[in-house]
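Asker: Got a structure for you, work-v7.txt, holding compact mmCIF, C-alpha atoms and all ligand atoms.
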```txt
# COMPACT_ATOMS: atom_id res chain seq x y z
CA MET H 1 -10.55 19.08 61.06
CA SER H 2 -10.87 16.24 63.53
CA LYS H 3 -7.70 15.53 65.53
CA LYS H 4 -6.58 12.74 67.80
CA ILE H 5 -6.10 14.11 71.31
CA PHE H 6 -4.39 12.18 74.09
CA ILE H 7 -5.11 13.21 77.69
CA THR H 8 -3.23 11.90 80.71
CA GLY H 9 -5.21 12.06 83.96
CA VAL H 10 -8.42 11.75 81.95
CA ALA H 11 -10.39 10.44 84.95
CA GLY H 12 -9.42 13.55 86.89
CA PHE H 13 -11.27 16.80 87.19
CA LEU H 14 -9.69 18.89 84.41
CA GLY H 15 -8.76 15.94 82.19
CA SER H 16 -12.34 14.65 82.06
CA HIS H 17 -13.89 18.06 81.35
CA LEU H 18 -11.32 18.65 78.65
CA ALA H 19 -12.10 15.24 77.14
CA ASP H 20 -15.81 16.11 76.97
CA LYS H 21 -15.03 19.45 75.35
CA MET H 22 -12.77 17.83 72.75
CA LEU H 23 -15.37 15.13 71.98
CA ALA H 24 -18.06 17.81 71.59
CA SER H 25 -15.80 19.60 69.11
CA GLY H 26 -15.60 16.41 67.04
CA HIS H 27 -12.14 15.17 68.00
CA LYS H 28 -11.13 11.63 68.92
CA VAL H 29 -9.96 11.31 72.50
CA VAL H 30 -7.63 8.69 73.93
CA GLY H 31 -6.68 8.90 77.58
CA CYS H 32 -5.03 7.17 80.49
CA ASP H 33 -5.32 7.37 84.25
CA ASN H 34 -4.00 5.14 87.04
CA LEU H 35 -6.99 6.13 89.24
CA LEU H 36 -4.80 7.22 92.11
CA GLY H 37 -7.07 10.26 92.06
CA GLY H 38 -10.10 11.08 89.93
CA TYR H 39 -13.17 8.88 89.46
CA LEU H 40 -13.65 6.27 86.76
CA ASP H 41 -17.17 7.54 86.06
CA ASN H 42 -15.72 10.93 85.10
CA VAL H 43 -14.54 9.30 81.88
CA SER H 44 -16.98 9.50 78.98
CA SER H 45 -17.74 6.18 77.29
CA GLU H 46 -16.60 7.82 74.04
CA VAL H 47 -13.03 8.11 75.32
CA GLU H 48 -10.64 5.29 74.39
CA PHE H 49 -9.56 4.75 77.97
CA TYR H 50 -6.54 2.91 79.37
CA GLN H 51 -6.08 2.36 83.07
CA TYR H 52 -2.31 2.84 82.86
CA ASP H 53 0.23 4.62 84.96
CA CYS H 54 2.10 7.27 82.95
CA ASN H 55 5.34 5.81 84.28
CA PHE H 56 4.80 2.73 82.06
CA LEU H 57 6.81 4.15 79.19
CA ASN H 58 6.24 1.22 76.83
CA SER H 59 2.48 1.49 77.28
CA MET H 60 2.61 5.26 76.78
CA VAL H 61 4.45 4.74 73.50
CA LYS H 62 1.79 2.28 72.35
CA ILE H 63 -1.20 4.45 73.18
CA THR H 64 0.17 7.73 71.83
CA LYS H 65 0.55 6.39 68.27
CA ASP H 66 -0.88 8.79 65.63
CA VAL H 67 -1.78 11.33 68.28
CA ASP H 68 -1.76 15.01 67.20
CA VAL H 69 -1.85 16.70 70.59
CA VAL H 70 -0.96 15.47 74.08
CA TYR H 71 -2.47 17.15 77.12
CA HIS H 72 -0.48 16.09 80.12
CA CYS H 73 -2.87 16.63 83.06
CA ALA H 74 -1.92 13.62 85.22
CA ALA H 75 -0.29 14.51 88.50
CA THR H 76 -0.57 14.20 92.24
CA PRO H 77 -1.41 17.89 92.66
CA TYR H 78 -0.90 18.15 96.40
CA GLU H 79 1.09 21.24 97.17
CA GLY H 80 0.55 21.28 100.95
CA LEU H 81 1.18 17.56 101.29
CA SER H 82 4.31 17.65 99.14
CA VAL H 83 6.60 18.69 102.00
CA PHE H 84 5.42 15.56 103.85
CA SER H 85 5.24 13.11 100.91
CA PRO H 86 7.99 14.45 98.64
CA TYR H 87 8.94 11.11 97.12
CA LEU H 88 5.53 10.10 95.84
CA ILE H 89 4.55 13.57 94.74
CA THR H 90 7.70 14.46 92.81
CA LYS H 91 7.74 11.01 91.18
CA ASN H 92 4.15 11.52 90.10
CA VAL H 93 4.80 14.95 88.69
CA TYR H 94 8.33 15.01 87.28
CA GLU H 95 9.04 11.38 86.35
CA ILE H 96 5.71 10.88 84.63
CA THR H 97 6.32 14.01 82.56
CA ALA H 98 9.60 12.53 81.34
CA SER H 99 7.80 9.32 80.40
CA VAL H 100 4.90 11.01 78.58
CA MET H 101 7.27 13.44 76.80
CA SER H 102 9.49 10.58 75.65
CA ALA H 103 6.50 8.67 74.28
CA ALA H 104 5.16 11.78 72.53
CA ILE H 105 8.50 12.50 70.88
CA GLN H 106 8.93 8.86 69.83
CA ASN H 107 5.57 9.15 68.06
CA ASN H 108 6.21 12.58 66.51
CA VAL H 109 3.30 14.18 68.32
CA LYS H 110 2.88 17.73 67.03
CA ARG H 111 2.04 19.58 70.24
CA PHE H 112 2.42 18.96 73.98
CA VAL H 113 0.27 20.95 76.41
CA PHE H 114 1.32 20.78 80.03
CA THR H 115 -0.79 21.78 83.01
CA SER H 116 1.66 23.35 85.41
CA SER H 117 0.56 25.12 88.58
CA MET H 118 0.56 28.60 90.03
CA ALA H 119 2.74 27.09 92.74
CA ARG H 120 5.57 27.68 90.22
CA TYR H 121 5.52 31.40 91.08
CA GLY H 122 6.15 30.65 94.75
CA THR H 123 7.64 33.61 96.56
CA ASN H 124 7.03 36.18 93.78
CA LYS H 125 4.80 39.20 94.51
CA VAL H 126 1.11 38.86 93.63
CA PRO H 127 -0.55 39.07 91.20
CA PHE H 128 1.62 36.56 89.40
CA THR H 129 2.33 37.33 85.74
CA GLU H 130 3.80 34.92 83.24
CA ASP H 131 6.99 36.96 82.73
CA MET H 132 8.08 36.44 86.36
CA GLU H 133 10.98 34.15 87.05
CA PRO H 134 9.53 31.11 88.84
CA LYS H 135 10.51 30.80 92.50
CA PRO H 136 9.01 27.47 93.58
CA GLN H 137 9.08 26.88 97.32
CA ASP H 138 7.91 23.29 97.88
CA PRO H 139 8.48 19.87 96.28
CA TYR H 140 5.27 20.00 94.23
CA ALA H 141 6.12 23.40 92.77
CA ILE H 142 9.73 22.37 92.19
CA ALA H 143 8.57 19.23 90.36
CA LYS H 144 6.13 21.23 88.23
CA TYR H 145 8.71 23.83 87.29
CA SER H 146 11.35 21.13 86.66
CA SER H 147 8.82 19.43 84.37
CA GLU H 148 8.43 22.70 82.45
CA LEU H 149 12.21 22.94 82.01
CA LEU H 150 12.32 19.33 80.84
CA ILE H 151 9.52 19.90 78.35
CA ARG H 152 11.13 23.06 77.00
CA ASN H 153 14.48 21.32 76.61
CA LEU H 154 13.20 18.19 74.88
CA ALA H 155 10.70 20.11 72.72
CA ASN H 156 13.43 22.45 71.50
CA VAL H 157 15.88 19.63 70.79
CA HIS H 158 13.34 17.47 68.95
CA GLY H 159 11.30 20.21 67.31
CA MET H 160 7.98 19.69 69.09
CA GLU H 161 5.49 22.46 69.84
CA TYR H 162 4.68 22.96 73.51
CA VAL H 163 2.52 25.20 75.67
CA ILE H 164 2.59 25.63 79.45
CA ALA H 165 -0.85 26.24 80.96
CA VAL H 166 -1.00 27.50 84.53
CA PRO H 167 -4.47 26.66 85.84
CA HIS H 168 -5.22 27.96 89.29
CA ASN H 169 -7.84 27.22 91.93
CA ILE H 170 -10.28 25.77 89.44
CA ILE H 171 -13.42 24.35 91.00
CA GLY H 172 -16.46 22.48 89.76
CA PRO H 173 -18.26 19.16 89.62
CA ARG H 174 -16.13 15.98 89.26
CA GLN H 175 -13.46 17.26 91.61
CA LYS H 176 -12.51 14.55 94.07
CA TYR H 177 -14.49 15.47 97.18
CA ASP H 178 -13.48 12.57 99.44
CA ASP H 179 -9.82 13.60 99.27
CA PRO H 180 -8.54 14.97 102.59
CA TYR H 181 -5.45 16.55 101.03
CA ARG H 182 -6.87 18.96 98.48
CA ASN H 183 -9.88 20.84 97.06
CA VAL H 184 -11.02 23.02 99.94
CA ALA H 185 -14.46 23.88 98.51
CA SER H 186 -15.31 20.23 97.74
CA ILE H 187 -14.07 19.13 101.17
CA MET H 188 -16.24 21.74 102.91
CA ILE H 189 -19.34 20.76 100.92
CA ASN H 190 -18.75 17.06 101.61
CA MET H 191 -18.33 17.73 105.35
CA MET H 192 -21.34 20.01 105.69
CA LEU H 193 -23.52 17.55 103.78
CA GLN H 194 -22.48 14.98 106.40
CA GLY H 195 -23.60 17.43 109.10
CA ARG H 196 -19.97 18.03 110.13
CA GLN H 197 -18.31 21.39 110.74
CA PRO H 198 -15.61 22.34 108.19
CA ILE H 199 -11.97 22.46 109.21
CA ILE H 200 -10.04 25.67 108.50
CA TYR H 201 -6.26 26.04 108.73
CA GLY H 202 -4.92 29.19 110.41
CA ASP H 203 -7.28 32.12 110.97
CA GLY H 204 -9.12 31.51 107.69
CA GLU H 205 -8.25 34.98 106.44
CA GLN H 206 -6.05 33.62 103.62
CA LYS H 207 -7.50 34.86 100.31
CA ARG H 208 -8.12 32.87 97.16
CA CYS H 209 -9.70 33.48 93.79
CA PHE H 210 -11.61 30.48 92.45
CA SER H 211 -12.40 29.81 88.82
CA PHE H 212 -15.27 27.69 87.59
CA VAL H 213 -14.25 24.86 85.31
CA GLN H 214 -16.57 25.73 82.43
CA ASP H 215 -14.98 29.18 82.21
CA CYS H 216 -11.50 27.68 81.88
CA ILE H 217 -12.00 24.74 79.59
CA GLN H 218 -12.37 26.80 76.38
CA CYS H 219 -9.01 28.37 77.13
CA LEU H 220 -7.43 24.97 77.63
CA GLU H 221 -8.98 23.75 74.38
CA LYS H 222 -7.50 26.65 72.41
CA LEU H 223 -4.01 25.71 73.55
CA ALA H 224 -4.13 22.68 71.27
CA PHE H 225 -4.71 24.59 68.07
CA GLN H 226 -3.80 28.27 68.23
CA LYS H 227 -0.50 29.08 66.51
CA ASP H 228 0.50 32.05 68.64
CA VAL H 229 0.50 30.15 71.94
CA VAL H 230 3.41 27.87 71.07
CA GLY H 231 6.22 28.18 73.61
CA GLU H 232 4.08 30.40 75.86
CA VAL H 233 3.24 30.18 79.55
CA ILE H 234 -0.38 31.24 80.13
CA ASN H 235 -2.27 31.57 83.42
CA ILE H 236 -5.72 30.03 83.23
CA GLY H 237 -8.20 31.33 85.78
CA PRO H 238 -9.76 34.56 87.02
CA ASP H 239 -8.46 37.53 88.91
CA GLU H 240 -11.78 39.07 89.77
CA GLU H 241 -13.64 37.67 92.78
CA PHE H 242 -11.46 37.16 95.86
CA VAL H 243 -12.72 35.44 98.99
CA THR H 244 -11.18 34.45 102.28
CA ILE H 245 -11.50 30.82 103.34
CA ASN H 246 -13.82 32.04 106.13
CA GLU H 247 -16.05 33.71 103.54
CA LEU H 248 -15.98 30.60 101.37
CA ALA H 249 -17.23 28.51 104.31
CA LYS H 250 -19.98 31.09 104.96
CA ILE H 251 -21.19 31.08 101.36
CA ILE H 252 -21.30 27.27 101.23
CA ALA H 253 -23.14 27.16 104.56
CA GLU H 254 -25.68 29.69 103.25
CA LEU H 255 -26.23 27.68 100.07
CA LEU H 256 -26.73 24.54 102.18
CA ASP H 257 -28.69 26.26 104.93
CA PHE H 258 -26.13 24.87 107.40
CA LYS H 259 -25.46 26.32 110.87
CA LEU H 260 -21.76 27.13 110.62
CA SER H 261 -19.18 26.96 113.40
CA PRO H 262 -15.86 26.01 111.75
CA LYS H 263 -13.08 24.15 113.57
CA TYR H 264 -9.78 26.02 113.42
CA PHE H 265 -6.43 24.22 113.22
CA PRO H 266 -2.86 25.64 113.08
CA ASP H 267 -1.57 26.90 109.71
CA ARG H 268 0.02 24.39 107.39
CA PRO H 269 3.74 25.07 106.76
CA GLN H 270 4.34 27.70 104.03
CA GLU H 271 0.66 28.30 103.32
CA VAL H 272 0.47 31.71 101.66
CA LYS H 273 -1.96 34.43 102.76
CA LEU H 274 -2.73 35.61 99.24
CA ALA H 275 -2.10 33.75 96.03
CA SER H 276 -3.38 35.19 92.79
CA CYS H 277 -2.54 35.19 89.10
CA SER H 278 -3.13 37.87 86.51
CA ALA H 279 -5.56 36.74 83.79
CA GLU H 280 -4.54 39.53 81.43
CA LYS H 281 -2.61 37.30 79.03
CA ALA H 282 -5.44 34.74 78.84
CA ARG H 283 -7.93 37.55 78.13
CA ARG H 284 -5.67 38.94 75.42
CA MET H 285 -4.57 35.68 73.77
CA LEU H 286 -7.45 33.29 74.46
CA GLY H 287 -10.44 35.61 74.81
CA TYR H 288 -10.88 34.46 78.39
CA LYS H 289 -14.04 35.77 80.03
CA THR H 290 -15.86 34.54 83.12
CA LYS H 291 -19.54 33.66 82.93
CA TYR H 292 -20.00 31.96 86.29
CA ASN H 293 -19.66 33.73 89.61
CA LEU H 294 -18.50 31.91 92.74
CA ARG H 295 -21.99 31.18 94.08
CA GLN H 296 -23.11 29.65 90.78
CA GLY H 297 -19.98 27.49 90.64
CA LEU H 298 -20.45 26.33 94.24
CA GLN H 299 -24.13 25.54 93.62
CA GLU H 300 -23.16 23.27 90.70
CA MET H 301 -20.67 21.48 92.95
CA ILE H 302 -23.27 21.08 95.68
CA ASP H 303 -25.73 19.58 93.19
CA TYR H 304 -23.07 17.16 91.95
CA ILE H 305 -22.00 16.01 95.42
CA LYS H 306 -25.59 15.73 96.64
CA ASN H 307 -26.43 13.66 93.61
CA ARG H 308 -23.53 11.21 94.16
CA GLY H 309 -23.98 11.33 97.92
CA PRO H 310 -21.51 12.64 100.52
CA LYS H 311 -18.68 10.20 101.28
CA PRO H 312 -16.19 9.50 104.06
CA PHE H 313 -12.68 10.78 103.31
CA LYS H 314 -10.12 8.32 101.93
CA TYR H 315 -6.49 8.69 102.92
CA HIS H 316 -5.33 7.33 99.58
CA ILE H 317 -1.83 8.77 99.76
CA ASP H 318 0.60 7.88 102.55
CA VAL H 319 2.08 10.70 104.55
CA GLU H 320 5.80 9.83 104.34
CA ILE H 321 7.11 12.26 106.95
CA ILE H 322 5.31 12.37 110.25
CA ASN H 323 6.73 14.83 112.73
CA LYS H 324 5.67 17.87 114.74
CA LEU H 325 5.05 19.89 111.56
CA THR H 326 2.65 17.38 110.04
CA PRO H 327 -0.91 18.73 110.28
CA LYS H 328 -2.90 16.93 112.96
CA THR H 329 -5.77 16.61 110.50
CA TRP H 330 -3.70 14.18 108.40
CA LYS H 331 -1.76 12.51 111.24
CA GLU H 332 -4.93 11.72 113.14
CA LYS H 333 -7.20 11.42 110.07
CA LEU H 334 -9.61 14.06 111.33
CA PHE H 335 -11.44 14.76 108.10
N1 LIG Y 1 -7.64 22.05 89.36
C1 LIG Y 1 -6.85 23.05 89.58
O1 LIG Y 1 -7.25 24.08 90.10
C2 LIG Y 1 -5.41 23.00 89.20
C3 LIG Y 1 -4.63 24.05 89.62
C4 LIG Y 1 -3.30 24.02 89.29
C5 LIG Y 1 -2.80 22.99 88.55
N2 LIG Y 1 -3.58 21.98 88.15
C6 LIG Y 1 -2.97 20.91 87.38
O2 LIG Y 1 -3.88 20.43 86.42
C7 LIG Y 1 -3.77 19.00 86.32
C8 LIG Y 1 -5.11 18.36 86.56
O3 LIG Y 1 -5.55 18.73 87.84
P1 LIG Y 1 -6.92 18.20 88.44
O4 LIG Y 1 -7.43 19.23 89.35
O5 LIG Y 1 -7.77 17.72 87.34
O6 LIG Y 1 -6.41 16.99 89.32
P2 LIG Y 1 -7.02 15.51 89.51
O7 LIG Y 1 -6.33 14.93 90.68
O8 LIG Y 1 -8.50 15.56 89.51
O9 LIG Y 1 -6.55 14.77 88.20
C9 LIG Y 1 -5.28 14.21 88.05
C10 LIG Y 1 -5.46 12.79 87.54
O10 LIG Y 1 -4.16 12.25 87.29
C11 LIG Y 1 -4.21 10.88 87.64
N3 LIG Y 1 -2.84 10.41 87.88
C12 LIG Y 1 -2.02 10.73 88.91
N4 LIG Y 1 -0.84 10.12 88.78
C13 LIG Y 1 -0.92 9.39 87.64
C14 LIG Y 1 -0.02 8.52 86.98
N5 LIG Y 1 1.20 8.28 87.46
N6 LIG Y 1 -0.44 7.92 85.83
C15 LIG Y 1 -1.68 8.13 85.35
N7 LIG Y 1 -2.58 8.94 85.94
C16 LIG Y 1 -2.20 9.56 87.07
C17 LIG Y 1 -5.09 10.82 88.87
O11 LIG Y 1 -5.63 9.54 89.06
C18 LIG Y 1 -6.15 11.87 88.55
O12 LIG Y 1 -7.30 11.30 87.97
C19 LIG Y 1 -2.71 18.58 87.31
O13 LIG Y 1 -1.49 18.43 86.64
C20 LIG Y 1 -2.62 19.74 88.28
O14 LIG Y 1 -1.34 19.86 88.82
C21 LIG Y 1 -4.90 21.96 88.48
```
Could you write out this file's structure as structure tokens?
Ligand SMILES: NC(=O)c1ccc[n+]([C@@H]2O[C@H](COP(=O)([O-])OP(=O)(O)OC[C@H]3O[C@@H](n4cnc5c(N)ncnc54)[C@H](O)[C@@H]3O)[C@@H](O)[C@H]2O)c1
Answerer:
Amino acid sequence: MSKKIFITGVAGFLGSHLADKMLASGHKVVGCDNLLGGYLDNVSSEVEFYQYDCNFLNSMVKITKDVDVVYHCAATPYEGLSVFSPYLITKNVYEITASVMSAAIQNNVKRFVFTSSMARYGTNKVPFTEDMEPKPQDPYAIAKYSSELLIRNLANVHGMEYVIAVPHNIIGPRQKYDDPYRNVASIMINMMLQGRQPIIYGDGEQKRCFSFVQDCIQCLEKLAFQKDVVGEVINIGPDEEFVTINELAKIIAELLDFKLSPKYFPDRPQEVKLASCSAEKARRMLGYKTKYNLRQGLQEMIDYIKNRGPKPFKYHIDVEIINKLTPKTWKEKLF
């Protein structure tokens, strides 16, 4: 049966793909985005779109009327930057969750799906499993985990269903590629397409496991409807194909036929060498299975960025704290 789905951050990467998936499944989609991130042309013309900030509680209450499921994807998802811009980032993660939750409860929304982050696991041992006690270690992770606690509390008090999704390192077309603070693969593609050498923090031997958006979106969709996921935390993303950042740069350079000679900069504070989540629970509960390998995912991103054209980077978020720990790349706008 067709449902009314509300998506915050609908002009963003995950929000817009989720909107398309929901529309294709025959649902009505309403969404908001303040365009701090994302791109307006990510939003399908079939979405009832409002350019609102989630912190406008009165507006949130108005536009979540008769909604069945809220997906709260809006955020400033900048983990590395969050120790330098803690005010903006926590406000845009925690406070907006309180606003969207309040609106959803006021309108008796049935289910609230929150996109948390693997940053919530922080200093736990890898691979991260959902039963681990979160140990967030930076303002972004603290704000995400605090949001989860807030959601759990309010949902339990007011009798609303909720699910906590933990997407991790998802890549694909529509990711903001002119953003100097996040999305390493998109940044590298954008730089190499401009004929510039990519910038790598540390020795580049930090390992990551990327997941292609089309492999994850079905899992996210199921969180709106499946009965057994209520109250669960579920990692969304793969645990199969690990690469170092050096290898990632090499693969992109190969795909672009680019002569690679990366520029190395000092590590960012608290950057972890290996971050990975177990996908066992998603396989078991959501039938998660990967179809795209890393090269295929990167090729789709290259096609998307080539098609829109490479762009200069926009420093759209102020760095609040500038001191000796602040990466030179942001202080001196080197991207
Ligand atoms: N993509 C990933 O790999 C990944 C990994 C972990 C967590 N997440 C989480 O998933 C969600 C979506 O991530 P994404 O990669 O699509 O990010 P994104 O930056 O592409 O999308 C977020 C959107 O939220 C909007 N937004 C920010 N603050 C807002 C506000 N106050 N009001 C309204 N809109 C606002 C931005 O303009 C942007 O379009 C985020 O909550 C993020 O923390 C994503």
Asker: Write out as a Markdown table the residues of stretch 106-210 of chain H that have any atom within 12 Å of an atom of stretch 88-99 of chain H, one row each with the nearest atom pair and its distance in Å to one decimal, counting only C-alpha atoms, sorted by chain and then rising number.
Answerer:
```
| residue | atom | partner | partner_atom | distance |
| --- | --- | --- | --- | --- |
| H:Gln106 | CA | H:Ser99 | CA | 10.6 |
| H:Phe112 | CA | H:Thr97 | CA | 10.6 |
| H:Val113 | CA | H:Thr97 | CA | 11.1 |
| H:Phe114 | CA | H:Thr97 | CA | 8.8 |
| H:Thr115 | CA | H:Val93 | CA | 10.5 |
| H:Ser116 | CA | H:Val93 | CA | 9.5 |
| H:Ser117 | CA | H:Val93 | CA | 11.0 |
| H:Asp138 | CA | H:Thr90 | CA | 10.2 |
| H:Pro139 | CA | H:Thr90 | CA | 6.5 |
| H:Tyr140 | CA | H:Thr90 | CA | 6.2 |
| H:Ala141 | CA | H:Thr90 | CA | 9.1 |
| H:Ile142 | CA | H:Thr90 | CA | 8.2 |
| H:Ala143 | CA | H:Tyr94 | CA | 5.2 |
| H:Lys144 | CA | H:Val93 | CA | 6.4 |
| H:Tyr145 | CA | H:Tyr94 | CA | 8.8 |
| H:Ser146 | CA | H:Tyr94 | CA | 6.9 |
| H:Ser147 | CA | H:Tyr94 | CA | 5.3 |
| H:Glu148 | CA | H:Thr97 | CA | 8.9 |
| H:Leu149 | CA | H:Tyr94 | CA | 10.3 |
| H:Leu150 | CA | H:Ala98 | CA | 7.3 |
| H:Ile151 | CA | H:Thr97 | CA | 7.9 |
| H:Arg152 | CA | H:Ala98 | CA | 11.5 |
| H:Asn153 | CA | H:Ala98 | CA | 11.1 |
| H:Leu154 | CA | H:Ala98 | CA | 9.3 |
| H:Ala155 | CA | H:Ala98 | CA | 11.5 |
```
Asker: Between atom CA of H:Gln51 and atom CA of H:Ile321, measure the distance and give it in Å to one decimal.
Answerer: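 So the answer is 29.0 Å.
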Asker: Within 12 Å of (-12.4, 32.1, 105.2) (file coordinates; only C-alpha atoms), which protein or nucleic acid residues are there? I'd like them as an MDAnalysis selection string.
Answerer: chainID H and resid 184:185 188 198:209 242:253 260:264 273:274
Asker: Atom CA of H:Tyr52 to atom CA of H:Asn34: how many Å, to one decimal?
Answerer: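 The value is 5.1 Å.
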Asker: Pick from H:Met22, H:Ala165, H:Ile187, H:Val47: nearest to ligand LIG 1 (chain Y), with all atoms listed in the file counted?
Answerer: H:Ala165
Asker: Set the distance at 12 Å and use only C-alpha atoms: which residues neighbour stretch 189-192 of chain H once local chain neighbours fewer than 4 positions away are removed? I'd like the list as a ChimeraX atom specification.
Answerer: /H:172-173,175-180,183-185,196-200,248-263,298-313,334-335
Asker: The selected residues should be written to file as a PDB file, in the frame of the given file (atoms: C-alpha atoms).
Answerer:
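As written to disk, result.pdb reads:
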```
ATOM      1  CA  GLY H 172     -16.460  22.480  89.760  1.00  0.00           C
ATOM      2  CA  PRO H 173     -18.260  19.160  89.620  1.00  0.00           C
ATOM      3  CA  GLN H 175     -13.460  17.260  91.610  1.00  0.00           C
ATOM      4  CA  LYS H 176     -12.510  14.550  94.070  1.00  0.00           C
ATOM      5  CA  TYR H 177     -14.490  15.470  97.180  1.00  0.00           C
ATOM      6  CA  ASP H 178     -13.480  12.570  99.440  1.00  0.00           C
ATOM      7  CA  ASP H 179      -9.820  13.600  99.270  1.00  0.00           C
ATOM      8  CA  PRO H 180      -8.540  14.970 102.590  1.00  0.00           C
ATOM      9  CA  ASN H 183      -9.880  20.840  97.060  1.00  0.00           C
ATOM     10  CA  VAL H 184     -11.020  23.020  99.940  1.00  0.00           C
ATOM     11  CA  ALA H 185     -14.460  23.880  98.510  1.00  0.00           C
ATOM     12  CA  ARG H 196     -19.970  18.030 110.130  1.00  0.00           C
ATOM     13  CA  GLN H 197     -18.310  21.390 110.740  1.00  0.00           C
ATOM     14  CA  PRO H 198     -15.610  22.340 108.190  1.00  0.00           C
ATOM     15  CA  ILE H 199     -11.970  22.460 109.210  1.00  0.00           C
ATOM     16  CA  ILE H 200     -10.040  25.670 108.500  1.00  0.00           C
ATOM     17  CA  LEU H 248     -15.980  30.600 101.370  1.00  0.00           C
ATOM     18  CA  ALA H 249     -17.230  28.510 104.310  1.00  0.00           C
ATOM     19  CA  LYS H 250     -19.980  31.090 104.960  1.00  0.00           C
ATOM     20  CA  ILE H 251     -21.190  31.080 101.360  1.00  0.00           C
ATOM     21  CA  ILE H 252     -21.300  27.270 101.230  1.00  0.00           C
ATOM     22  CA  ALA H 253     -23.140  27.160 104.560  1.00  0.00           C
ATOM     23  CA  GLU H 254     -25.680  29.690 103.250  1.00  0.00           C
ATOM     24  CA  LEU H 255     -26.230  27.680 100.070  1.00  0.00           C
ATOM     25  CA  LEU H 256     -26.730  24.540 102.180  1.00  0.00           C
ATOM     26  CA  ASP H 257     -28.690  26.260 104.930  1.00  0.00           C
ATOM     27  CA  PHE H 258     -26.130  24.870 107.400  1.00  0.00           C
ATOM     28  CA  LYS H 259     -25.460  26.320 110.870  1.00  0.00           C
ATOM     29  CA  LEU H 260     -21.760  27.130 110.620  1.00  0.00           C
ATOM     30  CA  SER H 261     -19.180  26.960 113.400  1.00  0.00           C
ATOM     31  CA  PRO H 262     -15.860  26.010 111.750  1.00  0.00           C
ATOM     32  CA  LYS H 263     -13.080  24.150 113.570  1.00  0.00           C
ATOM     33  CA  LEU H 298     -20.450  26.330  94.240  1.00  0.00           C
ATOM     34  CA  GLN H 299     -24.130  25.540  93.620  1.00  0.00           C
ATOM     35  CA  GLU H 300     -23.160  23.270  90.700  1.00  0.00           C
ATOM     36  CA  MET H 301     -20.670  21.480  92.950  1.00  0.00           C
ATOM     37  CA  ILE H 302     -23.270  21.080  95.680  1.00  0.00           C
ATOM     38  CA  ASP H 303     -25.730  19.580  93.190  1.00  0.00           C
ATOM     39  CA  TYR H 304     -23.070  17.160  91.950  1.00  0.00           C
ATOM     40  CA  ILE H 305     -22.000  16.010  95.420  1.00  0.00           C
ATOM     41  CA  LYS H 306     -25.590  15.730  96.640  1.00  0.00           C
ATOM     42  CA  ASN H 307     -26.430  13.660  93.610  1.00  0.00           C
ATOM     43  CA  ARG H 308     -23.530  11.210  94.160  1.00  0.00           C
ATOM     44  CA  GLY H 309     -23.980  11.330  97.920  1.00  0.00           C
ATOM     45  CA  PRO H 310     -21.510  12.640 100.520  1.00  0.00           C
ATOM     46  CA  LYS H 311     -18.680  10.200 101.280  1.00  0.00           C
ATOM     47  CA  PRO H 312     -16.190   9.500 104.060  1.00  0.00           C
ATOM     48  CA  PHE H 313     -12.680  10.780 103.310  1.00  0.00           C
ATOM     49  CA  LEU H 334      -9.610  14.060 111.330  1.00  0.00           C
ATOM     50  CA  PHE H 335     -11.440  14.760 108.100  1.00  0.00           C
TER      51      PHE H 335
END
```
Asker: Point out the residue among H:Val213, H:Leu294, H:Leu81, H:Ala103 with the least atom-to-atom distance to H:Thr326, counting all atoms listed in the file.
Answerer: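 The answer is H:Leu81, which sits nearest to H:Thr326.
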Asker: Ranking H:Lys227, H:His27, H:His168, H:Lys62 by minimum distance to ligand LIG 1 (chain Y) and counting only C-alpha atoms and all ligand atoms, which one comes first?
Answerer: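 Using only C-alpha atoms and all ligand atoms, the shortest distance to ligand LIG 1 (chain Y) belongs to H:His168.
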Asker: Mind giving me the straight-line distance from atom O5 of ligand LIG 1 (chain Y) to atom CA of H:Leu36 in Å, one decimal?
Answerer: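 Those two atoms sit 11.9 Å apart.
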Asker: List the spatial neighbours of H:Pro327 as a list in words - criterion: any atom at most 10 Å away, all atoms listed in the file, same-chain residues fewer than 4 positions off excluded.
Answerer: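 Answer for this query is Gly80, Leu81, Phe84, Tyr201, Phe265, Pro266, Asp267, Arg268, Pro269, Ile322, Asn323, Lys331, Glu332, Lys333 and Leu334 of chain H.
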Asker: Counting only C-alpha atoms, which residue out of H:Glu79, H:Gly26, H:Leu14, H:Arg182 sits closest to H:Cys216?
Answerer: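 Closest to H:Cys216, using only C-alpha atoms: H:Leu14.
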Asker: Taking (-7.8, 28.1, 91.0) as a centre in this file's frame and 6 Å as the limit, can you find every polymer residue with an atom that close, using all atoms listed in the file, and give them as a list in words?
Answerer: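 Residues found, by chain and rising number: His168, Asn169, Ile170, Phe210 and Ser211 of chain H.
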Asker: Write out as a PDB file with C-alpha atoms, keeping the file's coordinate frame each polymer residue whose atoms come within 8 Å of H:Glu130, counting only C-alpha atoms; drop sequence neighbours fewer than 6 positions from it.
Answerer:
```pdb
ATOM      1  CA  VAL H 233       3.240  30.180  79.550  1.00  0.00           C
ATOM      2  CA  ILE H 234      -0.380  31.240  80.130  1.00  0.00           C
ATOM      3  CA  ASN H 235      -2.270  31.570  83.420  1.00  0.00           C
TER       4      ASN H 235
END
```
